[in-house]
file protein_34.cif (mmCIF, C-alpha atoms)
data_final
#
loop_
_atom_site.group_PDB
_atom_site.id
_atom_site.type_symbol
_atom_site.label_atom_id
_atom_site.label_comp_id
_atom_site.auth_asym_id
_atom_site.auth_seq_id
_atom_site.Cartn_x
_atom_site.Cartn_y
_atom_site.Cartn_z
ATOM 1 C CA MET U 1 99.657 181.987 253.338
ATOM 2 C CA ILE U 2 101.578 185.235 253.808
ATOM 3 C CA GLY U 3 102.888 186.279 250.384
ATOM 4 C CA GLN U 4 103.907 189.863 251.016
ATOM 5 C CA LEU U 5 104.647 192.311 253.819
ATOM 6 C CA ARG U 6 104.836 196.089 253.667
ATOM 7 C CA GLY U 7 106.177 198.115 256.555
ATOM 8 C CA LYS U 8 109.220 199.593 258.243
ATOM 9 C CA VAL U 9 112.285 197.576 259.190
ATOM 10 C CA VAL U 10 112.773 198.215 262.898
ATOM 11 C CA ALA U 11 115.528 195.715 263.723
ATOM 12 C CA LYS U 12 118.282 193.825 261.948
ATOM 13 C CA LYS U 13 120.210 190.852 263.264
ATOM 14 C CA PRO U 14 121.456 189.160 260.087
ATOM 15 C CA PRO U 15 120.061 187.041 258.624
ATOM 16 C CA GLN U 16 116.907 188.043 260.536
ATOM 17 C CA ILE U 17 115.029 191.330 260.430
ATOM 18 C CA VAL U 18 111.892 192.580 262.139
ATOM 19 C CA ILE U 19 109.452 194.474 259.937
ATOM 20 C CA ASP U 20 106.686 196.500 261.587
ATOM 21 C CA VAL U 21 103.411 196.115 259.718
ATOM 22 C CA GLY U 22 100.624 198.116 261.316
ATOM 23 C CA GLY U 23 102.106 197.736 264.776
ATOM 24 C CA VAL U 24 102.828 194.016 264.441
ATOM 25 C CA GLY U 25 106.481 193.018 264.234
ATOM 26 C CA TYR U 26 107.161 190.104 261.881
ATOM 27 C CA GLU U 27 110.455 188.237 262.220
ATOM 28 C CA VAL U 28 111.708 187.443 258.719
ATOM 29 C CA GLN U 29 114.779 185.548 257.539
ATOM 30 C CA VAL U 30 116.359 187.236 254.515
ATOM 31 C CA PRO U 31 119.366 186.620 252.245
ATOM 32 C CA MET U 32 122.199 189.135 252.408
ATOM 33 C CA SER U 33 121.247 190.602 249.022
ATOM 34 C CA THR U 34 117.839 191.547 250.377
ATOM 35 C CA LEU U 35 119.296 192.802 253.641
ATOM 36 C CA ALA U 36 121.642 195.127 251.772
ATOM 37 C CA ALA U 37 118.845 196.531 249.612
ATOM 38 C CA LEU U 38 116.535 197.377 252.494
ATOM 39 C CA PRO U 39 115.947 201.108 253.000
ATOM 40 C CA THR U 40 117.056 202.802 256.184
ATOM 41 C CA GLY U 41 115.189 205.128 258.509
ATOM 42 C CA ASP U 42 111.407 205.427 258.378
ATOM 43 C CA THR U 43 111.047 204.438 254.736
ATOM 44 C CA GLU U 44 108.556 201.639 254.152
ATOM 45 C CA THR U 45 109.560 198.638 252.111
ATOM 46 C CA THR U 46 107.769 195.709 250.515
ATOM 47 C CA LEU U 47 109.022 192.173 250.960
ATOM 48 C CA LEU U 48 107.870 189.145 249.003
ATOM 49 C CA THR U 49 107.613 186.284 251.454
ATOM 50 C CA GLN U 50 107.551 182.533 251.673
ATOM 51 C CA LEU U 51 106.098 180.828 254.743
ATOM 52 C CA ILE U 52 107.772 177.577 255.748
ATOM 53 C CA VAL U 53 105.879 175.351 258.155
ATOM 54 C CA ARG U 54 108.026 173.264 260.496
ATOM 55 C CA ASP U 55 107.039 170.901 263.278
ATOM 56 C CA ASP U 56 108.116 173.437 265.906
ATOM 57 C CA ALA U 57 107.654 176.809 264.194
ATOM 58 C CA LEU U 58 106.314 178.895 261.339
ATOM 59 C CA VAL U 59 109.221 180.677 259.633
ATOM 60 C CA LEU U 60 108.899 183.592 257.219
ATOM 61 C CA TYR U 61 111.529 184.181 254.540
ATOM 62 C CA GLY U 62 111.628 187.515 252.738
ATOM 63 C CA PHE U 63 112.949 188.671 249.362
ATOM 64 C CA MET U 64 113.238 191.921 247.424
ATOM 65 C CA THR U 65 112.653 190.372 243.992
ATOM 66 C CA ASP U 66 110.538 187.688 242.342
ATOM 67 C CA ASP U 67 113.740 186.026 241.096
ATOM 68 C CA GLU U 68 115.097 185.608 244.604
ATOM 69 C CA ARG U 69 111.876 184.112 245.913
ATOM 70 C CA GLY U 70 111.462 181.928 242.832
ATOM 71 C CA LEU U 71 114.974 180.551 243.141
ATOM 72 C CA PHE U 72 114.469 179.951 246.865
ATOM 73 C CA GLN U 73 111.316 177.960 246.112
ATOM 74 C CA GLU U 74 113.062 175.868 243.456
ATOM 75 C CA LEU U 75 116.094 175.218 245.663
ATOM 76 C CA THR U 76 113.987 173.943 248.548
ATOM 77 C CA ARG U 77 112.415 171.371 246.214
ATOM 78 C CA VAL U 78 115.797 169.728 245.671
ATOM 79 C CA SER U 79 116.403 166.671 247.845
ATOM 80 C CA GLY U 80 118.650 167.513 250.774
ATOM 81 C CA VAL U 81 118.321 171.292 250.393
ATOM 82 C CA GLY U 82 116.370 172.957 253.168
ATOM 83 C CA PRO U 83 115.413 176.614 253.651
ATOM 84 C CA LYS U 84 118.606 177.394 255.573
ATOM 85 C CA MET U 85 120.845 176.117 252.775
ATOM 86 C CA ALA U 86 118.730 177.874 250.157
ATOM 87 C CA LEU U 87 119.085 181.132 252.102
ATOM 88 C CA THR U 88 122.854 180.611 252.302
ATOM 89 C CA ILE U 89 123.089 180.022 248.556
ATOM 90 C CA LEU U 90 121.086 183.176 247.843
ATOM 91 C CA SER U 91 123.310 185.102 250.246
ATOM 92 C CA GLY U 92 126.417 183.948 248.408
ATOM 93 C CA MET U 93 125.252 184.651 244.854
ATOM 94 C CA ASN U 94 122.358 186.367 243.119
ATOM 95 C CA PRO U 95 119.951 184.389 240.894
ATOM 96 C CA ALA U 96 121.745 185.341 237.678
ATOM 97 C CA ASP U 97 125.086 184.171 239.100
ATOM 98 C CA PHE U 98 123.528 180.921 240.268
ATOM 99 C CA VAL U 99 122.060 180.234 236.827
ATOM 100 C CA ALA U 100 125.445 180.979 235.238
ATOM 101 C CA THR U 101 127.092 178.572 237.688
ATOM 102 C CA VAL U 102 124.611 175.828 236.784
ATOM 103 C CA ASP U 103 124.959 176.490 233.048
ATOM 104 C CA ALA U 104 128.749 176.258 233.376
ATOM 105 C CA ASP U 105 128.442 172.977 235.315
ATOM 106 C CA ASP U 106 130.642 174.609 237.973
ATOM 107 C CA SER U 107 129.691 172.583 241.035
ATOM 108 C CA ASP U 108 133.049 173.399 242.654
ATOM 109 C CA ARG U 109 131.960 177.013 243.091
ATOM 110 C CA LEU U 110 129.001 175.927 245.163
ATOM 111 C CA THR U 111 131.201 173.970 247.575
ATOM 112 C CA GLY U 112 132.529 177.286 248.879
ATOM 113 C CA LEU U 113 129.207 177.724 250.671
ATOM 114 C CA PRO U 114 128.717 176.177 254.133
ATOM 115 C CA GLY U 115 126.893 172.860 254.191
ATOM 116 C CA VAL U 116 127.285 172.336 250.443
ATOM 117 C CA GLY U 117 129.533 169.318 249.927
ATOM 118 C CA LYS U 118 130.640 167.903 246.596
ATOM 119 C CA LYS U 119 127.710 165.487 246.316
ATOM 120 C CA THR U 120 125.149 168.146 247.175
ATOM 121 C CA ALA U 121 126.756 170.613 244.769
ATOM 122 C CA ALA U 122 126.717 168.063 241.956
ATOM 123 C CA ARG U 123 123.063 167.234 242.660
ATOM 124 C CA LEU U 124 122.175 170.926 242.694
ATOM 125 C CA VAL U 125 123.742 171.478 239.287
ATOM 126 C CA VAL U 126 121.960 168.500 237.749
ATOM 127 C CA GLU U 127 118.515 168.997 239.302
ATOM 128 C CA MET U 128 118.447 172.778 239.101
ATOM 129 C CA ARG U 129 119.346 172.769 235.401
ATOM 130 C CA ASP U 130 116.021 171.097 234.641
ATOM 131 C CA ARG U 131 114.091 173.087 237.237
ATOM 132 C CA LEU U 132 115.413 176.418 235.991
ATOM 133 C CA ALA U 133 114.608 175.515 232.420
ATOM 134 C CA ALA U 134 111.019 174.775 233.420
ATOM 135 C CA SER U 135 110.611 177.735 235.767
ATOM 136 C CA ASN U 136 109.453 181.251 235.031
ATOM 137 C CA LEU U 137 112.417 183.013 236.591
ATOM 138 C CA ALA U 138 112.846 186.298 234.761
ATOM 139 C CA LEU U 139 116.382 186.751 236.042
ATOM 140 C CA SER U 140 116.056 190.498 236.121
ATOM 141 C CA THR U 141 118.996 192.538 237.291
ATOM 142 C CA PRO U 142 119.127 192.146 241.082
ATOM 143 C CA GLN U 143 118.663 195.217 243.205
ATOM 144 C CA THR U 144 122.001 196.439 244.419
ATOM 145 C CA ALA U 145 122.967 197.347 247.912
ATOM 146 C CA VAL U 146 122.148 200.723 249.363
ATOM 147 C CA THR U 147 125.588 202.032 250.195
ATOM 148 C CA GLY U 148 126.786 204.877 252.302
ATOM 149 C CA SER U 149 124.545 204.052 255.246
ATOM 150 C CA THR U 150 127.091 202.953 257.803
ATOM 151 C CA ARG U 151 125.930 203.356 261.364
ATOM 152 C CA ALA U 152 128.514 205.209 263.380
ATOM 153 C CA ASP U 153 126.917 204.266 266.668
ATOM 154 C CA SER U 154 127.228 200.525 265.968
ATOM 155 C CA ALA U 155 130.422 200.526 263.883
ATOM 156 C CA PRO U 156 132.693 199.130 266.638
ATOM 157 C CA SER U 157 130.591 195.933 266.729
ATOM 158 C CA SER U 158 130.272 195.490 262.962
ATOM 159 C CA ARG U 159 132.899 192.720 262.860
ATOM 160 C CA THR U 160 131.149 190.781 265.624
ATOM 161 C CA GLU U 161 127.737 191.245 264.002
ATOM 162 C CA ALA U 162 129.097 190.057 260.669
ATOM 163 C CA ARG U 163 130.727 186.995 262.247
ATOM 164 C CA ASP U 164 127.517 186.065 264.073
ATOM 165 C CA ALA U 165 125.563 186.359 260.795
ATOM 166 C CA LEU U 166 127.994 184.070 258.960
ATOM 167 C CA VAL U 167 127.797 181.528 261.779
ATOM 168 C CA ALA U 168 123.983 181.701 261.573
ATOM 169 C CA LEU U 169 124.264 180.929 257.859
ATOM 170 C CA GLY U 170 126.256 177.788 258.634
ATOM 171 C CA TYR U 171 129.921 178.777 258.680
ATOM 172 C CA LYS U 172 132.147 177.639 261.528
ATOM 173 C CA SER U 173 133.423 180.490 263.693
ATOM 174 C CA SER U 174 137.015 180.013 262.523
ATOM 175 C CA GLU U 175 135.974 180.020 258.857
ATOM 176 C CA ALA U 176 133.860 183.126 259.402
ATOM 177 C CA GLU U 177 136.841 184.892 260.948
ATOM 178 C CA ARG U 178 139.058 183.879 258.022
ATOM 179 C CA LEU U 179 136.571 185.194 255.459
ATOM 180 C CA LEU U 180 136.100 188.431 257.383
ATOM 181 C CA ALA U 181 139.832 188.963 257.655
ATOM 182 C CA GLY U 182 140.067 188.764 253.869
ATOM 183 C CA ALA U 183 137.006 190.991 253.472
ATOM 184 C CA ALA U 184 138.544 193.687 255.650
ATOM 185 C CA ASP U 185 141.691 193.636 253.490
ATOM 186 C CA GLU U 186 139.777 194.562 250.316
ATOM 187 C CA ASP U 187 140.341 198.256 250.908
ATOM 188 C CA GLU U 188 142.437 200.442 253.138
ATOM 189 C CA THR U 189 139.585 201.160 255.531
ATOM 190 C CA ALA U 190 139.717 199.399 258.867
ATOM 191 C CA ASP U 191 136.864 196.952 259.231
ATOM 192 C CA GLU U 192 135.693 198.825 262.355
ATOM 193 C CA THR U 193 134.508 201.662 260.095
ATOM 194 C CA VAL U 194 132.647 199.401 257.654
ATOM 195 C CA ASP U 195 129.093 198.336 258.412
ATOM 196 C CA ALA U 196 128.354 194.674 259.087
ATOM 197 C CA GLU U 197 126.288 194.213 255.933
ATOM 198 C CA THR U 198 129.209 195.253 253.724
ATOM 199 C CA LEU U 199 131.555 192.891 255.555
ATOM 200 C CA ILE U 200 129.073 190.029 255.175
ATOM 201 C CA ARG U 201 128.665 190.606 251.428
ATOM 202 C CA ARG U 202 132.429 190.759 250.921
ATOM 203 C CA ALA U 203 132.972 187.579 252.950
ATOM 204 C CA LEU U 204 130.309 185.657 251.003
ATOM 205 C CA LYS U 205 131.770 186.767 247.689
ATOM 206 C CA ARG U 206 135.147 185.470 248.784
ATOM 207 C CA ALA U 207 133.588 182.136 249.744
ATOM 208 C CA VAL U 208 132.352 181.397 246.214
ATOM 209 C CA ARG U 209 135.300 182.665 244.182
#

call {"tool": "encode", "arguments": {"input": "protein_34.cif", "output": "structure tokens"}}
result
Amino acid sequence: MIGQLRGKVVAKKPPQIVIDVGGVGYEVQVPMSTLAALPTGDTETTLLTQLIVRDDALVLYGFMTDDERGLFQELTRVSGVGPKMALTILSGMNPADFVATVDADDSDRLTGLPGVGKKTAARLVVEMRDRLAASNLALSTPQTAVTGSTRADSAPSSRTEARDALVALGYKSSEAERLLAGAADEDETADETVDAETLIRRALKRAVR
């Protein structure tokens, strides 16, 4: 079992990154909160990981905090919730927000996420209430995004990169475009000058309002 990786992030194609560990590049699926918190440049980072074994592949999922990984593990134990949906949920809200949503019995908020219908949302609220109560999630304050690191050389494609990431998380292309259009309107800066990670976070926040 691979429980942790330490190395340099050498590629990002949300929601996937490649982290170089001693010359070996590991492909890791990460939620948007983790993606935003990753350092830039040559700085090494440590990711907590969860290995999922499928019939056709071994897939690594990475997280910046114990809470994120713990919630991912609990979510994937719920009937009908696979790793992809768990990653989408974690991309749309941090663990503390998810717990607050469950405590408030607000299943409607979860239906703003792709693939989460009313029945699934209701089941999540019911089953996760008991699981969270029995878990050891510390619900520490999530690490916030590292801002101010827009990449001028890739800025013109940030909208396309953000759309592709949302589609990979389960949104239809038209819905991704709608969310991104609203995300770009949140300030007076044209979306071409905003990095893809910021656009993705804004779009996901809009989805669960």

call {"tool": "resolve_selection", "arguments": {"input": "protein_34.cif", "expression": "the PyMOL selection byres ((chain U and resi 177) around 10)", "output": "PyMOL selection string"}}
result
chain U and resi 159-160+162-164+166-167+171-176+178-183+203

call {"tool": "atom_distance", "arguments": {"input": "protein_34.cif", "atom1": "CA of Thr88 in chain U", "atom2": "CA of Val10 in chain U"}}
result
22.9 Å

call {"tool": "atom_distance", "arguments": {"input": "protein_34.cif", "atom1": "CA of Leu110 in chain U", "atom2": "CA of Leu75 in chain U"}}
result
12.9 Å

call {"tool": "atom_distance", "arguments": {"input": "protein_34.cif", "atom1": "CA of Arg109 in chain U", "atom2": "CA of Glu161 in chain U"}}
result
25.6 Å

call {"tool": "residues_near_point", "arguments": {"input": "protein_34.cif", "point": "(128.2, 170.7, 242.0)", "cutoff": "6 Å", "atoms": "all atoms listed in the file", "output": "number ranges by chain"}}
result
U: 107-108, 118, 121-122, 125

call {"tool": "resolve_selection", "arguments": {"input": "protein_34.cif", "expression": "the PyMOL selection byres ((chain U and resi 89-95) around 7)", "output": "PyMOL selection string"}}
result
chain U and resi 31-33+67-68+71+85-88+96-99+113+139+142+204-205+208

call {"tool": "residues_near_point", "arguments": {"input": "protein_34.cif", "point": "(111.3, 180.6, 253.3)", "cutoff": "9 Å", "atoms": "all atoms listed in the file", "output": "PyMOL selection string"}}
result
chain U and resi 28-30+49-53+59-62+69+72-73+76+83-84+86-87

call {"tool": "closest_residue", "arguments": {"input": "protein_34.cif", "among": "U:Leu35, U:Val81, U:Leu48, U:Val126", "to": "Gln16 in chain U", "atoms": "only C-alpha atoms"}}
result
U:Leu35

call {"tool": "closest_residue", "arguments": {"input": "protein_34.cif", "among": "U:Arg129, U:Arg77, U:Arg123, U:Lys13", "to": "Glu197 in chain U", "atoms": "all atoms listed in the file"}}
result
U:Lys13

call {"tool": "axis_aligned_box", "arguments": {"input": "protein_34.cif", "around": "range 61-67 of chain U", "padding_each_side": "6 Å", "output": "AutoDock Vina command-line options"}}
result
--center_x 112.1 --center_y 188.1 --center_z 247.8 --size_x 15.2 --size_y 19.7 --size_z 25.4

call {"tool": "residues_around", "arguments": {"input": "protein_34.cif", "residues": "Asp20 in chain U", "least_positions_apart": "3", "cutoff": "6 Å", "atoms": "only C-alpha atoms", "output": "CSV table (one decimal) with C-alpha atoms, in the coordinates of the input"}}
result
chain,number,residue,atom,x,y,z
U,7,GLY,CA,106.2,198.1,256.6
U,8,LYS,CA,109.2,199.6,258.2
U,23,GLY,CA,102.1,197.7,264.8
U,24,VAL,CA,102.8,194.0,264.4
U,25,GLY,CA,106.5,193.0,264.2

call {"tool": "residues_around", "arguments": {"input": "protein_34.cif", "residues": "Leu38 in chain U", "least_positions_apart": "3", "cutoff": "12 Å", "atoms": "only C-alpha atoms", "output": "JSON, numbers by chain"}}
result
{"U": [6, 7, 8, 9, 10, 11, 12, 17, 18, 19, 30, 31, 32, 33, 34, 35, 41, 42, 43, 44, 45, 46, 47, 62, 63, 64, 65, 143, 144, 145, 146, 147, 149, 197]}

call {"tool": "closest_residue", "arguments": {"input": "protein_34.cif", "among": "U:Gly170, U:Gly70, U:Gly82, U:Pro39", "to": "Pro114 in chain U", "atoms": "only C-alpha atoms"}}
result
U:Gly170

call {"tool": "closest_residue", "arguments": {"input": "protein_34.cif", "among": "U:Met1, U:Val102, U:Thr198, U:Gly80", "to": "Lys119 in chain U", "atoms": "all atoms listed in the file"}}
result
U:Gly80
